[in-house]
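J.: Following this line is coords-v6.csv, made up of CSV, C-alpha atoms:
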```
chain,number,residue,atom,x,y,z
A,1,ALA,CA,115.0,91.7,128.2
A,2,GLU,CA,116.4,94.2,125.8
A,3,GLY,CA,115.3,94.5,122.2
A,4,ARG,CA,117.1,95.7,119.0
A,5,THR,CA,116.3,97.0,115.6
A,6,LEU,CA,114.2,94.6,113.6
A,7,GLU,CA,116.3,92.8,111.0
A,8,CYS,CA,114.7,89.4,110.8
A,9,ALA,CA,113.0,88.3,107.6
A,10,PRO,CA,109.6,86.6,107.6
A,11,GLY,CA,109.9,83.0,108.4
A,12,ASP,CA,113.1,83.4,110.5
A,13,GLY,CA,113.0,82.0,114.0
A,14,PRO,CA,112.7,84.1,117.1
A,15,SER,CA,115.5,86.6,117.7
A,16,PRO,CA,117.9,86.1,120.6
A,17,GLU,CA,116.2,88.9,122.4
A,18,ALA,CA,112.8,87.3,122.0
A,19,LEU,CA,114.1,83.9,123.2
A,20,ALA,CA,115.4,85.6,126.3
A,21,LEU,CA,111.9,87.2,126.8
A,22,GLN,CA,110.3,83.8,126.4
A,23,ARG,CA,112.6,82.2,129.0
A,24,ALA,CA,111.8,84.9,131.5
A,25,VAL,CA,108.1,84.5,131.0
A,26,ARG,CA,108.3,80.7,131.3
A,27,ALA,CA,110.0,81.1,134.7
A,28,GLY,CA,106.5,82.3,135.7
A,29,ARG,CA,107.1,84.5,138.7
A,30,GLY,CA,107.7,88.1,139.8
A,31,VAL,CA,108.0,90.9,137.3
A,32,VAL,CA,109.3,90.5,133.8
A,33,ARG,CA,110.2,93.8,132.2
A,34,ILE,CA,110.4,94.3,128.4
A,35,GLY,CA,113.1,96.7,127.4
A,36,GLU,CA,113.0,99.2,124.6
A,37,GLY,CA,113.3,97.9,121.0
A,38,ASP,CA,112.0,95.2,118.7
A,39,PHE,CA,111.4,91.6,119.8
A,40,TYR,CA,110.8,89.2,116.8
A,41,LEU,CA,109.1,86.0,117.7
A,42,GLY,CA,108.6,84.6,114.2
A,43,ASN,CA,106.2,81.7,113.9
A,44,SER,CA,105.7,81.3,117.6
A,45,SER,CA,103.6,83.0,120.2
A,46,LEU,CA,104.6,84.6,123.5
A,47,LEU,CA,102.9,81.9,125.7
A,48,ILE,CA,102.1,82.4,129.3
A,49,THR,CA,100.6,79.1,130.5
A,50,GLY,CA,99.7,77.9,134.0
A,51,VAL,CA,101.1,81.0,135.6
A,52,HIS,CA,99.9,83.0,138.6
A,53,GLN,CA,100.9,86.4,140.0
A,54,LEU,CA,103.1,87.5,137.1
A,55,SER,CA,103.6,91.0,135.7
A,56,LEU,CA,104.8,91.5,132.1
A,57,LEU,CA,105.6,95.2,131.7
A,58,GLY,CA,107.0,97.0,128.7
A,59,SER,CA,108.4,100.5,128.3
A,60,GLY,CA,105.4,101.7,126.3
A,61,PRO,CA,103.7,100.6,123.1
A,62,ARG,CA,105.9,102.9,121.0
A,63,ARG,CA,109.1,101.7,122.7
A,64,SER,CA,108.6,98.0,123.3
A,65,ARG,CA,107.4,96.3,120.1
A,66,LEU,CA,106.6,92.6,119.8
A,67,TRP,CA,106.6,91.2,116.2
A,68,PHE,CA,104.9,88.0,115.1
A,69,GLU,CA,104.2,86.2,111.9
A,70,PRO,CA,100.5,86.0,111.0
A,71,GLY,CA,98.5,83.6,113.2
A,72,HIS,CA,100.6,84.2,116.3
A,73,GLY,CA,100.7,86.7,119.2
A,74,VAL,CA,100.4,87.0,123.0
A,75,GLN,CA,98.6,84.0,124.5
A,76,LEU,CA,97.6,83.6,128.2
A,77,VAL,CA,96.4,80.0,128.9
A,78,SER,CA,95.1,78.7,132.3
A,79,SER,CA,96.7,81.7,134.1
A,80,HIS,CA,95.4,83.9,136.8
A,81,ASN,CA,96.1,87.3,138.4
A,82,ILE,CA,98.4,88.5,135.6
A,83,SER,CA,99.2,92.1,134.6
A,84,VAL,CA,100.5,92.7,131.1
A,85,GLY,CA,101.0,96.0,129.2
A,86,GLY,CA,103.3,98.7,127.9
A,87,PHE,CA,104.0,97.1,124.5
A,88,SER,CA,102.7,96.9,120.9
A,89,VAL,CA,101.8,93.8,118.8
A,90,ASP,CA,102.6,93.9,115.1
A,91,CYS,CA,103.8,91.8,112.1
A,92,PRO,CA,106.5,92.7,109.6
A,93,GLN,CA,104.5,91.6,106.6
A,94,ALA,CA,100.9,92.6,106.9
A,95,PRO,CA,98.4,89.7,106.1
A,96,PHE,CA,95.9,92.3,104.9
A,97,ALA,CA,95.7,95.5,102.7
A,98,GLN,CA,94.6,98.9,103.7
A,99,GLY,CA,93.6,102.1,102.0
A,100,ARG,CA,90.9,104.8,101.6
A,101,VAL,CA,87.3,104.6,100.2
A,102,VAL,CA,86.7,107.0,97.3
A,103,GLY,CA,83.1,105.9,96.3
A,104,ALA,CA,80.4,103.4,96.9
A,105,SER,CA,77.0,102.4,95.5
A,106,ALA,CA,74.5,100.4,97.6
A,107,ARG,CA,72.2,100.0,94.6
A,108,GLU,CA,74.8,98.8,92.2
A,109,LEU,CA,76.8,97.0,94.9
A,110,TRP,CA,80.3,98.3,94.5
A,111,ILE,CA,83.0,100.0,96.6
A,112,ASP,CA,85.9,102.0,95.1
A,113,PHE,CA,89.0,102.4,97.1
A,114,GLU,CA,92.7,103.5,96.8
A,115,LEU,CA,95.2,101.1,98.5
A,116,GLU,CA,98.3,102.2,100.2
A,117,GLU,CA,101.6,101.3,98.7
A,118,GLY,CA,103.5,98.3,100.1
A,119,PHE,CA,100.4,96.1,100.8
A,120,ALA,CA,99.2,93.1,98.8
A,121,ARG,CA,96.7,93.8,96.0
A,122,PRO,CA,93.4,92.0,95.8
A,123,THR,CA,93.8,91.1,92.1
A,124,GLU,CA,97.2,89.5,92.8
A,125,SER,CA,97.5,85.7,93.3
A,126,GLY,CA,98.4,84.5,96.7
A,127,LEU,CA,97.1,86.2,99.8
A,128,PHE,CA,93.6,87.2,98.5
A,129,SER,CA,93.0,84.5,95.9
A,130,ALA,CA,93.6,81.7,98.5
A,131,SER,CA,90.9,83.0,100.8
A,132,ASP,CA,87.2,82.0,100.6
A,133,GLU,CA,86.2,85.2,102.3
A,134,ILE,CA,87.6,88.7,102.8
A,135,LYS,CA,86.5,90.8,105.7
A,136,ALA,CA,86.3,94.6,105.0
A,137,ILE,CA,86.7,96.8,108.1
A,138,PHE,CA,86.0,100.6,107.9
A,139,TRP,CA,87.5,103.4,110.0
A,140,HIS,CA,86.4,107.0,110.4
A,141,SER,CA,88.8,109.2,108.4
A,142,LYS,CA,89.2,111.9,111.1
A,143,THR,CA,89.0,110.0,114.4
A,144,ARG,CA,90.7,106.9,112.9
A,145,LYS,CA,88.4,104.8,115.1
A,146,MET,CA,87.0,101.6,113.7
A,147,ARG,CA,83.4,101.8,112.7
A,148,ARG,CA,81.0,99.4,114.4
A,149,THR,CA,80.4,97.3,111.3
A,150,GLN,CA,82.0,95.1,108.7
A,151,THR,CA,81.3,93.7,105.3
A,152,MET,CA,82.1,90.2,104.2
A,153,PHE,CA,83.4,89.9,100.7
A,154,ALA,CA,82.2,86.4,99.6
A,155,PRO,CA,84.0,84.2,97.0
A,156,ALA,CA,81.8,85.7,94.3
A,157,THR,CA,83.2,89.2,94.9
A,158,ARG,CA,85.1,90.5,92.0
A,159,PHE,CA,88.0,93.0,92.1
A,160,ALA,CA,89.3,95.1,89.3
A,161,ARG,CA,91.7,98.0,88.9
A,162,THR,CA,90.1,101.4,88.2
A,163,ARG,CA,93.0,103.7,87.9
A,164,GLY,CA,96.8,103.5,88.2
A,165,SER,CA,98.4,100.8,90.4
A,166,THR,CA,96.4,101.6,93.6
A,167,GLY,CA,92.8,102.2,92.5
A,168,TYR,CA,90.3,99.2,92.8
A,169,ARG,CA,86.7,98.4,92.7
A,170,ALA,CA,84.9,95.6,94.5
A,171,TRP,CA,81.6,94.2,93.2
A,172,LEU,CA,79.6,92.5,95.9
A,173,PRO,CA,77.4,89.5,95.1
A,174,HIS,CA,74.7,90.5,97.7
A,175,HIS,CA,73.4,93.4,99.6
A,176,MET,CA,75.7,95.9,101.3
A,177,PRO,CA,75.0,96.0,105.1
A,178,PHE,CA,77.0,99.1,105.5
A,179,VAL,CA,77.7,101.9,102.9
A,180,PRO,CA,81.0,103.6,103.7
A,181,SER,CA,81.5,107.3,103.2
A,182,ASP,CA,84.0,108.8,100.8
A,183,GLY,CA,87.3,109.2,102.7
A,184,ASP,CA,86.6,106.3,105.2
A,185,LEU,CA,89.6,104.2,105.7
A,186,ILE,CA,89.3,100.5,104.7
A,187,THR,CA,91.2,97.3,105.7
A,188,LEU,CA,90.8,94.2,103.6
A,189,SER,CA,91.6,91.0,105.6
A,190,PRO,CA,91.6,87.5,104.0
A,191,ARG,CA,90.4,84.8,106.4
A,192,LEU,CA,93.3,82.4,105.7
A,193,TRP,CA,94.1,81.7,109.4
A,194,SER,CA,90.5,80.9,110.4
A,195,LYS,CA,90.9,77.1,110.8
A,196,PRO,CA,90.7,74.6,113.6
A,197,THR,CA,93.5,74.8,116.2
A,198,ALA,CA,94.5,73.1,119.4
A,199,TYR,CA,92.1,75.5,121.1
A,200,PRO,CA,88.3,75.1,121.0
A,201,SER,CA,87.9,77.8,118.4
A,202,PHE,CA,88.6,78.6,114.7
A,203,TYR,CA,90.5,81.6,115.9
A,204,LYS,CA,93.6,82.1,118.1
A,205,GLY,CA,93.7,85.9,118.2
A,206,SER,CA,96.7,88.2,118.4
A,207,PHE,CA,95.9,88.6,122.1
A,208,LEU,CA,94.3,85.4,123.5
A,209,LEU,CA,92.9,84.8,127.0
A,210,LEU,CA,92.0,81.1,127.3
A,211,ASN,CA,90.7,79.5,130.5
A,212,SER,CA,92.1,82.3,132.5
A,213,SER,CA,90.9,84.9,135.0
A,214,LYS,CA,91.7,88.3,136.4
A,215,ILE,CA,94.1,89.4,133.6
A,216,THR,CA,94.7,93.1,133.6
A,217,THR,CA,95.9,94.6,130.3
A,218,GLU,CA,97.0,98.2,130.1
A,219,ASN,CA,98.5,100.5,127.5
A,220,VAL,CA,98.7,98.0,124.6
A,221,HIS,CA,98.5,98.9,120.9
A,222,ILE,CA,97.7,96.1,118.3
A,223,HIS,CA,98.5,97.0,114.7
A,224,CYS,CA,98.2,93.6,113.0
A,225,SER,CA,96.1,90.4,113.3
A,226,ALA,CA,95.5,87.5,111.0
A,227,THR,CA,92.3,86.3,112.8
A,228,MET,CA,90.6,87.8,115.8
A,229,THR,CA,92.4,90.7,117.5
A,230,ILE,CA,91.4,90.1,121.1
A,231,LEU,CA,89.8,86.8,122.0
A,232,GLU,CA,88.5,85.5,125.4
A,233,MET,CA,87.4,81.9,125.8
A,234,GLY,CA,86.6,79.9,129.0
A,235,GLY,CA,87.8,80.7,132.5
A,236,ASP,CA,86.2,82.7,135.2
A,237,GLY,CA,86.7,86.0,133.4
A,238,GLY,CA,87.1,89.2,135.5
A,239,HIS,CA,89.5,90.7,133.0
A,240,VAL,CA,90.3,94.4,132.9
A,241,TYR,CA,91.4,96.4,129.9
A,242,ARG,CA,92.7,100.0,130.1
A,243,ARG,CA,94.0,102.0,127.2
A,244,VAL,CA,94.0,99.0,124.9
A,245,SER,CA,93.5,99.9,121.2
A,246,VAL,CA,93.4,98.3,117.8
A,247,ARG,CA,95.2,100.6,115.5
A,248,ARG,CA,95.8,100.8,111.8
A,249,LYS,CA,99.3,99.8,110.7
A,250,THR,CA,101.3,103.0,110.6
A,251,ARG,CA,104.4,101.9,108.7
A,252,PRO,CA,104.8,100.0,105.4
A,253,PRO,CA,105.1,96.2,105.8
```
Just give me the structure as structure tokens.
T.:
Amino acid sequence: AEGRTLECAPGDGPSPEALALQRAVRAGRGVVRIGEGDFYLGNSSLLITGVHQLSLLGSGPRRSRLWFEPGHGVQLVSSHNISVGGFSVDCPQAPFAQGRVVGASARELWIDFELEEGFARPTESGLFSASDEIKAIFWHSKTRKMRRTQTMFAPATRFARTRGSTGYRAWLPHHMPFVPSDGDLITLSPRLWSKPTAYPSFYKGSFLLLNSSKITTENVHIHCSATMTILEMGGDGGHVYRRVSVRRKTRPP
């Protein structure tokens, strides 16, 4: 399946290239190769269900790019002995905001940060105001690796602008389990898509393995998720991950 330059708007259906990819995967046999380019799947997931002995191989995460609307992604259900990899997972409109920490006080319970242009603002109506909780994830400024901690901004958290159009302060209603350093990168993720689904979980994940076993995933970059990024549930397990990484979004949404 060959891709093309992404031209679809949020809410559009899957592109013809993505539909061709879905049909090849549903055939459920042999090797399915993802060509170079962008594959827009819209409000649907790339579903591999009840399949055995299949390889889904892209041309590399910088060359084969799969695009989903928030709440969707790659899903393997009741499948076994599958190899997938060589692609990236992203969304055209980010369901989160990201920026850089410029100050924090554990005693006074606030975090100051500068948000990157092109992302939703926490003081705007819509994405953030509709969520009961906002998850804050922190990344090391030099290694750009995710720190092993997170902070939940409860409904009582208040946001206010501090300077210009990108400076903000968050006042937390309770203790701060982790105090970020100046320069740390921050992602603010509303939990809008954390709700019951057809699966036995409140989350679906951008990369879901459900009731499956012996799934090998290699060379995959995930830049966007509205719920859990990688989620395993049920099955006999035995999954293998090689060079699979969760990465900050590198382009404006």
J.: Using atom CA of A:Arg169 and atom CA of A:Gly103 as the two end points, give the distance in Å to one decimal.
T.: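 If I compute the distance from atom CA of A:Arg169 to atom CA of A:Gly103, I get 9.1 Å.
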J.: At a cut-off of 9 Å around the point (109.3, 88.7, 119.5) (file coordinates), what residues fall inside when counting only C-alpha atoms? I'd like the answer as a PyMOL selection string.
T.: chain A and resi 3+14-15+17-19+21-22+38-42+44-46+65-68+73
J.: Near A:Val89, counting only C-alpha atoms, which residues have an atom at most 12 Å away, once you skip same-chain residues fewer than 6 positions from it, shown as a ChimeraX atom specification?
T.: /A:38-41,45-46,58,60-70,72-75,205-207,219-226,229-230,244-249
J.: So the first atom is atom CA of A:Trp171 and the second is atom CA of A:Phe96; what is the distance between them in Å, to one decimal place?
T.: 18.6 Å
J.: Could you pull out every residue with an atom within 7 Å of (89.9, 84.2, 120.8), file coordinates, counting all atoms listed in the file, and send them as a PyMOL selection string?
T.: chain A and resi 203-205+208-209+228+230-233
J.: Determine the nearest neighbour of A:Asp132 from the options A:Val179, A:Thr149, A:Pro190, A:Glu116, counting only C-alpha atoms.
T.: A:Pro190
J.: Would you mind reading off the distance between atom CA of A:Arg148 and atom CA of A:Ser129, one decimal, in Å?
T.: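 Separation between atom CA of A:Arg148 and atom CA of A:Ser129: 26.6 Å.
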J.: Could you give me, as a list in words, the residues within 12 Å of A:Thr166, counting only C-alpha atoms and dropping anything in the same chain fewer than 5 positions from it?
T.: Ala97, Gln98, Gly99, Arg100, Val101, Val102, Asp112, Phe113, Glu114, Leu115, Glu116, Glu117, Gly118, Phe119, Ala120, Arg121, Pro122, Thr123, Ala160 and Arg161 of chain A
J.: Write the residues of the selection above to a file with C-alpha atoms, as a PDB file, in the frame of the given file.
T.:
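For reference, again.pdb as written:
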```pdb
ATOM      1  CA  ALA A  97      95.700  95.500 102.700  1.00  0.00           C
ATOM      2  CA  GLN A  98      94.600  98.900 103.700  1.00  0.00           C
ATOM      3  CA  GLY A  99      93.600 102.100 102.000  1.00  0.00           C
ATOM      4  CA  ARG A 100      90.900 104.800 101.600  1.00  0.00           C
ATOM      5  CA  VAL A 101      87.300 104.600 100.200  1.00  0.00           C
ATOM      6  CA  VAL A 102      86.700 107.000  97.300  1.00  0.00           C
ATOM      7  CA  ASP A 112      85.900 102.000  95.100  1.00  0.00           C
ATOM      8  CA  PHE A 113      89.000 102.400  97.100  1.00  0.00           C
ATOM      9  CA  GLU A 114      92.700 103.500  96.800  1.00  0.00           C
ATOM     10  CA  LEU A 115      95.200 101.100  98.500  1.00  0.00           C
ATOM     11  CA  GLU A 116      98.300 102.200 100.200  1.00  0.00           C
ATOM     12  CA  GLU A 117     101.600 101.300  98.700  1.00  0.00           C
ATOM     13  CA  GLY A 118     103.500  98.300 100.100  1.00  0.00           C
ATOM     14  CA  PHE A 119     100.400  96.100 100.800  1.00  0.00           C
ATOM     15  CA  ALA A 120      99.200  93.100  98.800  1.00  0.00           C
ATOM     16  CA  ARG A 121      96.700  93.800  96.000  1.00  0.00           C
ATOM     17  CA  PRO A 122      93.400  92.000  95.800  1.00  0.00           C
ATOM     18  CA  THR A 123      93.800  91.100  92.100  1.00  0.00           C
ATOM     19  CA  ALA A 160      89.300  95.100  89.300  1.00  0.00           C
ATOM     20  CA  ARG A 161      91.700  98.000  88.900  1.00  0.00           C
TER      21      ARG A 161
END
```
J.: Of the residues A:Arg242, A:Arg23, A:His80, A:His174, which is the one nearest to A:Val51, using all atoms listed in the file?
T.: A:His80
J.: Counting all atoms listed in the file, which of A:Ala170, A:Val240, A:Val32, A:Leu185 gets nearest to A:Leu109?
T.: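 Of the candidates, the smallest distance to A:Leu109 is held by A:Ala170.
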J.: Closest to A:Pro173 among A:Thr49, A:Ile111, A:Ala94, A:Phe153, using only C-alpha atoms?
T.: A:Phe153
